[in-house]
$ cat coords_3.cif   # mmCIF, C-alpha atoms
data_data
#
loop_
_atom_site.label_atom_id
_atom_site.label_comp_id
_atom_site.auth_asym_id
_atom_site.auth_seq_id
_atom_site.Cartn_x
_atom_site.Cartn_y
_atom_site.Cartn_z
CA MET D 1 12.74 248.52 130.44
CA ASP D 2 11.08 247.29 133.65
CA ASP D 3 11.89 244.63 136.26
CA ARG D 4 10.67 241.80 134.02
CA ASP D 5 12.82 242.97 131.11
CA PHE D 6 15.96 243.13 133.23
CA MET D 7 15.22 239.72 134.76
CA SER D 8 14.89 238.33 131.23
CA VAL D 9 18.43 239.52 130.56
CA ALA D 10 19.60 237.85 133.79
CA LEU D 11 17.95 234.60 132.64
CA ARG D 12 19.85 234.72 129.34
CA HIS D 13 23.12 235.08 131.23
CA ALA D 14 22.18 232.26 133.63
CA LYS D 15 21.84 229.82 130.71
CA LEU D 16 25.53 230.31 129.89
CA GLY D 17 26.33 228.00 132.81
CA ALA D 18 24.32 225.06 131.40
CA GLY D 19 26.11 221.75 131.94
CA LYS D 20 29.06 223.37 133.73
CA VAL D 21 27.68 224.22 137.18
CA ASN D 22 25.98 220.92 138.15
CA PRO D 23 24.96 220.14 140.85
CA ASN D 24 24.77 223.88 141.52
CA PRO D 25 22.03 225.99 139.92
CA MET D 26 22.35 228.17 136.85
CA VAL D 27 22.19 231.79 138.00
CA GLY D 28 22.47 235.11 136.18
CA ALA D 29 22.82 238.64 137.53
CA VAL D 30 22.40 242.10 136.02
CA ILE D 31 23.29 245.38 137.73
CA VAL D 32 21.24 248.43 136.66
CA ARG D 33 21.41 252.15 137.37
CA ASP D 34 19.04 254.78 135.97
CA GLY D 35 17.45 252.22 133.64
CA ARG D 36 20.78 251.20 132.12
CA ILE D 37 22.68 247.92 132.52
CA ILE D 38 26.12 248.64 133.94
CA ALA D 39 27.36 245.08 134.63
CA THR D 40 26.38 241.44 134.12
CA GLY D 41 27.53 238.11 135.46
CA HIS D 42 26.65 234.43 135.74
CA HIS D 43 27.71 231.29 137.59
CA ASP D 44 30.09 229.87 135.01
CA TYR D 45 31.41 226.62 136.49
CA PHE D 46 31.09 224.52 139.64
CA GLY D 47 33.21 226.08 142.38
CA GLY D 48 33.56 229.38 140.51
CA TRP D 49 32.18 232.81 141.36
CA HIS D 50 28.46 233.01 141.92
CA ALA D 51 26.54 235.26 139.54
CA GLU D 52 26.34 238.22 141.96
CA ARG D 53 30.09 238.26 142.57
CA SER D 54 30.74 237.76 138.87
CA ALA D 55 28.68 240.89 138.11
CA LEU D 56 30.40 242.88 140.87
CA GLU D 57 33.81 241.83 139.57
CA ALA D 58 32.81 242.85 136.04
CA ALA D 59 31.83 246.29 137.34
CA LYS D 60 35.12 246.56 139.21
CA ARG D 61 37.07 245.60 136.09
CA ASP D 62 35.29 248.30 134.13
CA HIS D 63 35.74 250.87 136.92
CA VAL D 64 31.96 251.17 137.33
CA ASP D 65 30.57 252.37 140.68
CA VAL D 66 27.64 250.15 141.74
CA ARG D 67 26.71 252.06 144.90
CA GLY D 68 23.02 252.97 144.83
CA ALA D 69 22.28 250.53 141.99
CA THR D 70 19.81 247.64 141.61
CA ILE D 71 20.82 244.05 140.97
CA TYR D 72 18.56 241.50 139.29
CA VAL D 73 19.40 237.89 140.17
CA THR D 74 17.53 234.79 139.02
CA LEU D 75 17.94 232.94 142.35
CA GLU D 76 17.95 234.15 145.96
CA PRO D 77 21.49 235.21 146.98
CA CYS D 78 23.23 232.74 149.29
CA SER D 79 23.97 233.76 152.87
CA HIS D 80 26.39 230.98 153.84
CA THR D 81 29.98 230.09 153.05
CA GLY D 82 30.38 227.16 150.70
CA LYS D 83 32.93 227.02 147.88
CA GLN D 84 32.41 230.80 147.73
CA PRO D 85 31.69 233.36 150.48
CA PRO D 86 28.09 234.59 150.98
CA CYS D 87 26.72 236.73 148.15
CA SER D 88 24.22 238.57 150.36
CA GLN D 89 27.05 240.14 152.35
CA ALA D 90 28.89 241.03 149.13
CA LEU D 91 25.81 242.93 147.90
CA ILE D 92 25.57 244.78 151.23
CA ASN D 93 29.26 245.68 151.17
CA ALA D 94 28.98 246.92 147.57
CA GLY D 95 26.35 249.51 148.51
CA LEU D 96 23.49 248.21 146.36
CA VAL D 97 20.11 249.59 147.44
CA ARG D 98 17.69 247.23 145.68
CA VAL D 99 17.76 243.48 144.96
CA VAL D 100 15.22 241.89 142.60
CA ILE D 101 14.96 238.09 142.82
CA GLY D 102 13.39 235.49 140.52
CA SER D 103 13.34 232.14 142.38
CA SER D 104 13.50 231.42 146.09
CA ASP D 105 16.25 228.99 147.06
CA PRO D 106 14.93 225.81 148.77
CA ASN D 107 18.41 224.88 149.99
CA PRO D 108 18.07 224.74 153.80
CA LEU D 109 21.36 226.64 154.04
CA VAL D 110 19.73 229.59 152.23
CA ALA D 111 15.88 229.34 152.24
CA GLY D 112 14.99 232.97 152.99
CA LYS D 113 18.08 233.77 155.02
CA GLY D 114 19.66 235.77 152.21
CA VAL D 115 16.53 237.87 151.77
CA ARG D 116 16.28 238.46 155.52
CA GLN D 117 19.91 239.55 155.76
CA LEU D 118 19.49 242.01 152.89
CA ARG D 119 16.36 243.54 154.38
CA GLU D 120 17.95 243.84 157.82
CA ALA D 121 20.72 245.83 156.14
CA GLY D 122 18.11 248.28 154.78
CA ILE D 123 18.13 247.01 151.20
CA GLU D 124 14.83 246.87 149.31
CA VAL D 125 14.11 243.31 148.16
CA VAL D 126 11.55 242.41 145.48
CA GLU D 127 10.81 238.68 145.10
CA GLY D 128 9.15 236.50 142.47
CA VAL D 129 9.85 238.47 139.28
CA LEU D 130 9.53 235.96 136.38
CA ARG D 131 9.47 233.24 139.02
CA SER D 132 7.95 230.60 136.72
CA GLU D 133 10.68 231.14 134.14
CA CYS D 134 13.42 231.14 136.79
CA ASP D 135 12.03 227.99 138.42
CA ALA D 136 11.83 226.25 135.03
CA LEU D 137 15.46 227.10 134.31
CA ASN D 138 16.56 225.31 137.48
CA GLU D 139 14.05 222.45 137.58
CA ILE D 140 16.99 220.07 138.03
CA PHE D 141 18.52 221.93 140.98
CA LEU D 142 15.18 222.60 142.67
CA HIS D 143 14.38 218.87 142.56
CA TYR D 144 17.81 217.59 143.57
CA ILE D 145 18.33 219.94 146.52
CA THR D 146 15.06 218.79 148.10
CA ALA D 147 14.75 215.12 147.01
CA HIS D 148 18.48 214.23 146.98
CA THR D 149 17.85 212.01 143.95
CA PRO D 150 18.53 212.80 140.29
CA PHE D 151 15.93 214.69 138.28
CA VAL D 152 15.00 212.20 135.55
CA MET D 153 13.68 213.15 132.12
CA LEU D 154 12.40 210.50 129.73
CA LYS D 155 12.98 211.69 126.18
CA TYR D 156 11.84 210.01 122.99
CA ALA D 157 11.05 210.84 119.38
CA MET D 158 8.12 209.25 117.61
CA THR D 159 5.96 209.57 114.52
CA LEU D 160 2.41 210.84 114.58
CA ASP D 161 1.23 207.24 114.73
CA GLY D 162 3.38 206.51 117.78
CA ARG D 163 6.34 204.64 116.27
CA ILE D 164 9.97 205.10 117.33
CA ALA D 165 11.26 203.00 114.42
CA THR D 166 9.99 201.24 111.34
CA ALA D 167 8.95 197.59 111.43
CA ALA D 168 12.43 196.87 110.06
CA GLY D 169 13.99 198.63 113.06
CA LEU D 170 15.21 201.76 111.27
CA SER D 171 14.91 205.03 113.22
CA GLN D 172 17.30 207.62 111.74
CA TRP D 173 15.97 210.18 111.38
CA ILE D 174 12.46 210.56 112.77
CA THR D 175 12.72 214.24 113.66
CA GLY D 176 14.30 217.14 111.80
CA GLU D 177 17.58 218.96 112.33
CA ALA D 178 16.13 221.67 114.60
CA ALA D 179 14.68 219.07 116.97
CA ARG D 180 17.93 217.11 117.02
CA ARG D 181 19.81 220.28 117.92
CA ARG D 182 17.47 220.85 120.84
CA VAL D 183 18.17 217.30 122.05
CA HIS D 184 21.89 218.03 122.04
CA GLU D 185 21.22 221.19 124.04
CA ASP D 186 19.46 219.01 126.61
CA ARG D 187 22.33 216.56 126.64
CA GLY D 188 24.58 219.49 127.47
CA ARG D 189 22.62 220.41 130.61
CA PHE D 190 22.07 216.90 132.03
CA ALA D 191 24.76 215.20 134.09
CA VAL D 192 23.99 211.70 132.77
CA ILE D 193 22.50 210.24 129.60
CA MET D 194 21.11 206.72 129.99
CA VAL D 195 20.22 204.01 127.48
CA GLY D 196 19.58 200.28 127.57
CA VAL D 197 21.84 197.72 125.96
CA GLY D 198 19.21 197.18 123.24
CA THR D 199 19.79 200.73 121.99
CA VAL D 200 23.55 200.14 121.96
CA LEU D 201 23.13 196.95 119.94
CA ALA D 202 20.67 198.52 117.50
CA ASP D 203 22.17 201.98 116.95
CA ASN D 204 25.77 201.94 118.28
CA PRO D 205 25.34 205.53 119.53
CA GLN D 206 28.06 207.82 120.87
CA LEU D 207 25.70 209.80 123.16
CA THR D 208 27.72 213.01 123.24
CA CYS D 209 26.72 216.67 122.95
CA ARG D 210 27.66 217.68 119.43
CA LEU D 211 27.35 221.41 119.92
CA GLU D 212 30.47 223.55 119.86
CA GLY D 213 31.64 224.04 123.43
CA GLY D 214 28.94 221.66 124.69
CA HIS D 215 29.25 219.52 127.80
CA ASP D 216 29.31 215.73 127.31
CA PRO D 217 27.21 213.93 129.94
CA ILE D 218 28.34 210.78 131.70
CA ARG D 219 27.03 207.81 129.72
CA VAL D 220 25.22 205.02 131.56
CA VAL D 221 24.12 201.77 129.92
CA LEU D 222 21.73 199.40 131.67
CA ASP D 223 23.27 196.12 130.55
CA THR D 224 21.97 193.26 132.69
CA ASP D 225 24.21 190.54 131.24
CA LEU D 226 27.10 192.64 129.83
CA ARG D 227 26.16 192.29 126.16
CA THR D 228 27.64 195.64 125.07
CA PRO D 229 30.15 194.93 122.27
CA LEU D 230 33.74 195.78 123.16
CA ASN D 231 33.99 197.61 119.82
CA ALA D 232 30.89 199.75 120.51
CA LYS D 233 31.50 203.50 120.27
CA LEU D 234 30.59 203.91 123.95
CA VAL D 235 33.39 201.50 124.92
CA THR D 236 36.08 202.66 122.49
CA THR D 237 35.61 206.29 123.59
CA ALA D 238 35.27 205.56 127.33
CA ASN D 239 38.66 207.11 128.09
CA GLU D 240 37.41 210.37 126.57
CA THR D 241 33.86 210.44 127.99
CA PRO D 242 33.03 208.69 131.30
CA THR D 243 30.99 205.55 130.66
CA ILE D 244 29.27 203.32 133.23
CA LEU D 245 27.82 199.88 132.56
CA ALA D 246 25.17 199.02 135.17
CA THR D 247 24.91 195.26 135.30
CA ALA D 248 23.68 192.30 137.33
CA SER D 249 26.34 190.04 135.82
CA ASP D 250 28.85 188.44 138.20
CA ASP D 251 31.27 187.54 135.38
CA GLU D 252 34.33 189.46 136.60
CA ALA D 253 36.52 188.30 133.73
CA LYS D 254 34.10 189.90 131.28
CA ALA D 255 33.74 193.00 133.47
CA ASN D 256 37.50 193.47 133.55
CA ARG D 257 37.62 193.67 129.76
CA TYR D 258 35.32 196.70 129.94
CA ARG D 259 37.37 198.17 132.79
CA ASP D 260 40.52 197.77 130.71
CA ALA D 261 38.80 199.79 127.97
CA GLY D 262 38.08 202.62 130.44
CA CYS D 263 34.50 201.81 131.46
CA GLU D 264 33.25 201.68 135.03
CA ILE D 265 31.18 198.71 136.15
CA LEU D 266 28.27 199.36 138.52
CA HIS D 267 26.88 196.17 140.05
CA VAL D 268 23.16 196.08 140.89
CA THR D 269 20.66 193.28 141.41
CA LYS D 270 17.88 192.28 139.03
CA ASP D 271 14.35 193.61 139.30
CA GLU D 272 11.27 191.38 139.25
CA HIS D 273 11.45 191.17 135.45
CA GLY D 274 15.08 190.05 135.40
CA HIS D 275 16.52 193.41 134.30
CA ALA D 276 19.21 195.47 136.01
CA ASP D 277 17.32 197.37 138.71
CA ILE D 278 16.99 200.96 137.52
CA ALA D 279 15.93 202.25 140.96
CA GLN D 280 19.22 200.98 142.40
CA VAL D 281 21.12 202.67 139.58
CA MET D 282 19.40 206.00 140.27
CA ALA D 283 20.11 205.72 144.00
CA ALA D 284 23.79 205.02 143.31
CA LEU D 285 24.01 208.02 140.98
CA GLY D 286 22.35 210.25 143.59
CA GLU D 287 24.95 209.18 146.16
CA ARG D 288 27.61 210.42 143.72
CA SER D 289 25.99 213.87 143.56
CA VAL D 290 24.62 213.22 140.06
CA ASP D 291 21.73 215.69 139.89
CA SER D 292 20.12 214.76 136.57
CA VAL D 293 19.57 211.87 134.18
CA MET D 294 18.22 212.01 130.64
CA ILE D 295 16.84 208.65 129.48
CA GLU D 296 17.09 208.12 125.73
CA GLY D 297 16.59 204.37 125.57
CA GLY D 298 13.94 202.28 123.89
CA GLY D 299 10.58 201.04 125.07
CA THR D 300 11.89 198.46 127.55
CA LEU D 301 13.97 200.98 129.48
CA ALA D 302 11.17 203.57 129.32
CA TRP D 303 8.70 201.16 130.92
CA SER D 304 11.22 200.06 133.56
CA ALA D 305 11.79 203.69 134.55
CA LEU D 306 8.07 204.47 134.72
CA GLU D 307 7.28 201.26 136.58
CA ALA D 308 10.02 202.08 139.11
CA ARG D 309 8.54 205.60 139.43
CA VAL D 310 11.83 207.36 138.86
CA VAL D 311 10.72 209.54 135.91
CA ASP D 312 10.00 213.18 136.80
CA LYS D 313 9.44 214.61 133.33
CA VAL D 314 8.60 213.43 129.82
CA SER D 315 9.92 215.15 126.70
CA ALA D 316 8.18 213.72 123.64
CA TYR D 317 9.19 214.79 120.13
CA ILE D 318 6.46 214.13 117.56
CA ALA D 319 7.26 214.20 113.85
CA PRO D 320 4.55 214.73 111.22
CA LYS D 321 5.15 211.28 109.74
CA LEU D 322 3.33 207.94 109.66
CA PHE D 323 5.35 204.70 109.72
CA GLY D 324 2.59 202.17 110.21
CA GLY D 325 3.45 198.53 110.78
CA ALA D 326 1.72 196.32 113.33
CA HIS D 327 5.08 195.34 114.81
CA ALA D 328 6.83 198.71 114.61
CA PRO D 329 7.94 199.64 118.18
CA GLY D 330 6.42 202.39 120.29
CA PRO D 331 8.16 204.60 122.86
CA VAL D 332 7.00 202.69 125.97
CA GLY D 333 7.02 198.90 126.05
CA GLY D 334 6.80 196.45 128.93
CA ASP D 335 3.56 195.12 130.35
CA GLY D 336 1.77 198.46 130.35
CA VAL D 337 -0.99 199.46 132.73
CA ALA D 338 -3.94 197.12 133.22
CA ALA D 339 -6.71 199.72 132.85
CA PRO D 340 -7.04 203.29 131.50
CA ASP D 341 -7.49 204.75 134.98
CA GLY D 342 -4.05 203.41 135.89
CA ALA D 343 -2.32 205.53 133.25
CA PHE D 344 0.70 207.63 134.07
CA ARG D 345 -0.59 211.18 133.64
CA VAL D 346 1.52 213.97 132.20
CA GLU D 347 0.71 217.26 133.89
CA ASN D 348 1.89 220.89 133.72
CA ARG D 349 2.20 220.40 129.98
CA SER D 350 3.85 222.64 127.43
CA LEU D 351 3.71 222.38 123.65
CA THR D 352 6.44 223.83 121.44
CA THR D 353 7.00 223.74 117.70
CA VAL D 354 10.61 223.04 116.74
CA GLY D 355 11.14 223.14 113.00
CA ASP D 356 8.58 220.75 111.49
CA ASP D 357 8.21 218.82 114.74
CA ILE D 358 6.23 219.25 117.96
CA VAL D 359 7.62 218.83 121.47
CA ILE D 360 5.26 218.04 124.33
CA GLU D 361 6.74 218.17 127.83
CA GLY D 362 5.28 217.75 131.27
CA SER D 363 5.74 216.29 134.73
CA VAL D 364 4.75 212.68 135.45
CA ALA D 365 2.00 212.07 138.01
CA TYR D 366 1.98 208.70 139.73
CA VAL D 367 -1.29 207.30 140.99
CA HIS D 368 -2.30 204.14 142.79
CA GLY D 369 -2.87 201.44 140.21
CA ASN D 370 -0.17 202.48 137.71
CA ARG D 371 1.10 198.90 137.84
#
$ encode --input "coords_3.cif" --output "structure tokens"
Amino acid sequence: MDDRDFMSVALRHAKLGAGKVNPNPMVGAVIVRDGRIIATGHHDYFGGWHAERSALEAAKRDHVDVRGATIYVTLEPCSHTGKQPPCSQALINAGLVRVVIGSSDPNPLVAGKGVRQLREAGIEVVEGVLRSECDALNEIFLHYITAHTPFVMLKYAMTLDGRIATAAGLSQWITGEAARRRVHEDRGRFAVIMVGVGTVLADNPQLTCRLEGGHDPIRVVLDTDLRTPLNAKLVTTANETPTILATASDDEAKANRYRDAGCEILHVTKDEHGHADIAQVMAALGERSVDSVMIEGGGTLAWSALEARVVDKVSAYIAPKLFGGAHAPGPVGGDGVAAPDGAFRVENRSLTTVGDDIVIEGSVAYVHGNR
């Protein structure tokens, strides 16, 4: 095995922290001597041991001497004291002689300082091994730590002819079981899942992660006039899973009924189209240290998010089916762009086959004239 192979193992361990470490990054670490893995670790929950210390503690538990060994870590070791002491100093104290790093840490508190401290201590440092894979793993953290706003992914499932439901409004199920499982994996790694009130009225969803041991995101409904039924699953389970209704309604008597059921009410103003302002909602979530939002709503919410330029990534599931129907809804509604050259472009694309379905993902590029 070479450096890339060992970093791949560290990446697998990093993913074990999905949904539990936000707004911190997922990080994995592997300690190797003479081509053999002698200890592993990962950042398991927010405030817990960082991956490097987790691996060192695992070695200590197993009475393994790490002096003279190499550690592979998916993100640059921290060099400052936060909820945990600096990992760079721990690696120096442990007697490691080589540190192999995947991603650089853009956090101003780290940003090269960990690498510099290790090198000044005489430790060999190799950077950028499987960097693309390590960066992709922490796309949420890398965005949030620099922009201080949530990383927003617009997800939808559609047929090959671009329909998210039949003309009669039926949508379950467009994609297959494998694709639906992947969606639940995404729900488990995002801090918030967001829908519009139209989705609540049409589908009465629960919006939880249905994987064993999965993390349930905070549920946010954009509900301009507080039309969410009090018997909706989101309301009746609000004491179990945090639920926020973002509204422009000033009817406090109605709002209190939702509060009594366990929901939180977030007051925002209306945008130019008379809807609850999604940009204000995102700003409020960012102030609460919410690092990521997965939008699963219908076409109205999708257009509002694109028009407000808050979407960072699109995740489009395409099923090999044809619904037809002149009035069957598509994934993005609203007014749309006026001309083709005003289109929202999806860049840095990837295409994956999941079961019988195809997933296309990419970052959203905003250009002058999108509106």
$ residues_around --input "coords_3.cif" --residues "range 238-250 of chain D" --least-positions-apart "4" --cutoff "8 Å" --atoms "only C-alpha atoms" --output "list in words"
Asp216, Pro217, Ile218, Arg219, Val220, Val221, Leu222, Asp223, Thr224, Asp225, Leu226, Leu234, Ala261, Gly262, Cys263, Glu264, Ile265, Leu266, His267, Val268, Thr269, Lys270, His275, Ala276 and Val281 of chain D
$ residues_around --input "coords_3.cif" --residues "Val64 in chain D" --least-positions-apart "4" --cutoff "12 Å" --atoms "all atoms listed in the file" --output "list in words"
Ile31, Val32, Arg33, Ile37, Ile38, Ala39, Thr40, Ala55, Leu56, Glu57, Ala58, Ala59, Lys60, Gly68, Ala69 and Ala94 of chain D
$ resolve_selection --input "coords_3.cif" --expression "the PyMOL selection byres ((chain D and resi 145) around 9)" --output "JSON, numbers by chain"
{"D": [23, 106, 107, 108, 140, 141, 142, 143, 144, 146, 147, 148, 149, 291]}
$ atom_distance --input "coords_3.cif" --atom1 "CA of Leu154 in chain D" --atom2 "CA of Glu361 in chain D"
9.7 Å
$ atom_distance --input "coords_3.cif" --atom1 "CA of Ala167 in chain D" --atom2 "CA of Pro329 in chain D"
7.1 Å
$ resolve_selection --input "coords_3.cif" --expression "the PyMOL selection byres ((chain D and resi 14) around 10)" --output "list in words"
Ser8, Val9, Ala10, Leu11, Arg12, His13, Lys15, Leu16, Gly17, Ala18, Pro25, Met26, Val27, Gly28, Ala29, Gly41, His42, His43, Asp44, Ala51, Val73, Thr74, Leu75, Cys134, Leu137 and Asn138 of chain D
$ closest_residue --input "coords_3.cif" --among "D:Gln280, D:Asp34, D:Arg67, D:Phe190" --to "Met1 in chain D" --atoms "all atoms listed in the file"
D:Asp34
$ closest_residue --input "coords_3.cif" --among "D:Ile193, D:Val100, D:Ser79, D:Ser54" --to "Val152 in chain D" --atoms "all atoms listed in the file"
D:Ile193
$ atom_distance --input "coords_3.cif" --atom1 "CA of His184 in chain D" --atom2 "CA of Gly196 in chain D"
18.7 Å
$ resolve_selection --input "coords_3.cif" --expression "the PyMOL selection byres ((chain D and resi 206) around 9)" --output "PyMOL selection string"
chain D and resi 200+204-205+207-208+219+232-234+237
$ closest_residue --input "coords_3.cif" --among "D:Met282, D:Val290, D:Ile164, D:Val21" --to "Gly333 in chain D" --atoms "only C-alpha atoms"
D:Ile164
$ closest_residue --input "coords_3.cif" --among "D:Ala279, D:Ile71, D:Ala338, D:Ile358" --to "Leu96 in chain D" --atoms "only C-alpha atoms"
D:Ile71
$ closest_residue --input "coords_3.cif" --among "D:Asn256, D:Glu272, D:Asn348, D:Met153" --to "Val311 in chain D" --atoms "all atoms listed in the file"
D:Met153
$ residues_around --input "coords_3.cif" --residues "Phe46 in chain D" --least-positions-apart "2" --cutoff "7 Å" --atoms "only C-alpha atoms" --output "ChimeraX atom specification"
/D:20-22,24,48
$ decode --input "coords_3.cif" --residues "range 165-182 of chain D" --atoms "N, CA and C atoms" --output "PDB file, in the first residue's frame"
ATOM      1  N   ALA D 165     -43.655  15.093 -10.632  1.00  0.00           N
ATOM      2  CA  ALA D 165     -44.912  14.453 -10.246  1.00  0.00           C
ATOM      3  C   ALA D 165     -45.743  14.275 -11.510  1.00  0.00           C
ATOM      4  N   THR D 166     -46.768  13.464 -11.399  1.00  0.00           N
ATOM      5  CA  THR D 166     -47.681  13.306 -12.527  1.00  0.00           C
ATOM      6  C   THR D 166     -48.594  14.533 -12.609  1.00  0.00           C
ATOM      7  N   ALA D 167     -49.363  14.617 -13.680  1.00  0.00           N
ATOM      8  CA  ALA D 167     -50.316  15.722 -13.817  1.00  0.00           C
ATOM      9  C   ALA D 167     -51.347  15.701 -12.692  1.00  0.00           C
ATOM     10  N   ALA D 168     -51.565  14.526 -12.100  1.00  0.00           N
ATOM     11  CA  ALA D 168     -52.495  14.405 -10.980  1.00  0.00           C
ATOM     12  C   ALA D 168     -51.839  14.741  -9.647  1.00  0.00           C
ATOM     13  N   GLY D 169     -50.537  15.035  -9.672  1.00  0.00           N
ATOM     14  CA  GLY D 169     -49.836  15.430  -8.450  1.00  0.00           C
ATOM     15  C   GLY D 169     -49.198  14.298  -7.678  1.00  0.00           C
ATOM     16  N   LEU D 170     -49.167  13.102  -8.241  1.00  0.00           N
ATOM     17  CA  LEU D 170     -48.586  11.946  -7.534  1.00  0.00           C
ATOM     18  C   LEU D 170     -47.089  11.863  -7.822  1.00  0.00           C
ATOM     19  N   SER D 171     -46.286  11.614  -6.774  1.00  0.00           N
ATOM     20  CA  SER D 171     -44.832  11.619  -6.951  1.00  0.00           C
ATOM     21  C   SER D 171     -44.113  10.444  -6.310  1.00  0.00           C
ATOM     22  N   GLN D 172     -44.801   9.596  -5.575  1.00  0.00           N
ATOM     23  CA  GLN D 172     -44.134   8.481  -4.890  1.00  0.00           C
ATOM     24  C   GLN D 172     -44.388   7.172  -5.650  1.00  0.00           C
ATOM     25  N   TRP D 173     -43.313   6.484  -6.121  1.00  0.00           N
ATOM     26  CA  TRP D 173     -41.939   6.943  -6.034  1.00  0.00           C
ATOM     27  C   TRP D 173     -41.389   7.152  -7.430  1.00  0.00           C
ATOM     28  N   ILE D 174     -40.660   8.240  -7.632  1.00  0.00           N
ATOM     29  CA  ILE D 174     -40.025   8.485  -8.923  1.00  0.00           C
ATOM     30  C   ILE D 174     -38.758   7.659  -9.040  1.00  0.00           C
ATOM     31  N   THR D 175     -37.920   7.699  -8.044  1.00  0.00           N
ATOM     32  CA  THR D 175     -36.654   6.965  -8.079  1.00  0.00           C
ATOM     33  C   THR D 175     -36.764   5.648  -7.329  1.00  0.00           C
ATOM     34  N   GLY D 176     -35.729   4.808  -7.489  1.00  0.00           N
ATOM     35  CA  GLY D 176     -35.713   3.500  -6.866  1.00  0.00           C
ATOM     36  C   GLY D 176     -35.180   3.517  -5.441  1.00  0.00           C
ATOM     37  N   GLU D 177     -35.148   2.350  -4.837  1.00  0.00           N
ATOM     38  CA  GLU D 177     -34.766   2.212  -3.434  1.00  0.00           C
ATOM     39  C   GLU D 177     -33.324   2.648  -3.176  1.00  0.00           C
ATOM     40  N   ALA D 178     -32.412   2.321  -4.096  1.00  0.00           N
ATOM     41  CA  ALA D 178     -31.003   2.687  -3.892  1.00  0.00           C
ATOM     42  C   ALA D 178     -30.835   4.205  -3.871  1.00  0.00           C
ATOM     43  N   ALA D 179     -31.531   4.896  -4.760  1.00  0.00           N
ATOM     44  CA  ALA D 179     -31.450   6.355  -4.797  1.00  0.00           C
ATOM     45  C   ALA D 179     -32.056   6.953  -3.534  1.00  0.00           C
ATOM     46  N   ARG D 180     -33.160   6.393  -3.074  1.00  0.00           N
ATOM     47  CA  ARG D 180     -33.796   6.921  -1.865  1.00  0.00           C
ATOM     48  C   ARG D 180     -32.901   6.716  -0.647  1.00  0.00           C
ATOM     49  N   ARG D 181     -32.164   5.619  -0.637  1.00  0.00           N
ATOM     50  CA  ARG D 181     -31.230   5.409   0.471  1.00  0.00           C
ATOM     51  C   ARG D 181     -30.132   6.471   0.455  1.00  0.00           C
ATOM     52  N   ARG D 182     -29.651   6.793  -0.736  1.00  0.00           N
ATOM     53  CA  ARG D 182     -28.611   7.820  -0.830  1.00  0.00           C
ATOM     54  C   ARG D 182     -29.129   9.171  -0.342  1.00  0.00           C
TER      55      ARG D 182
END
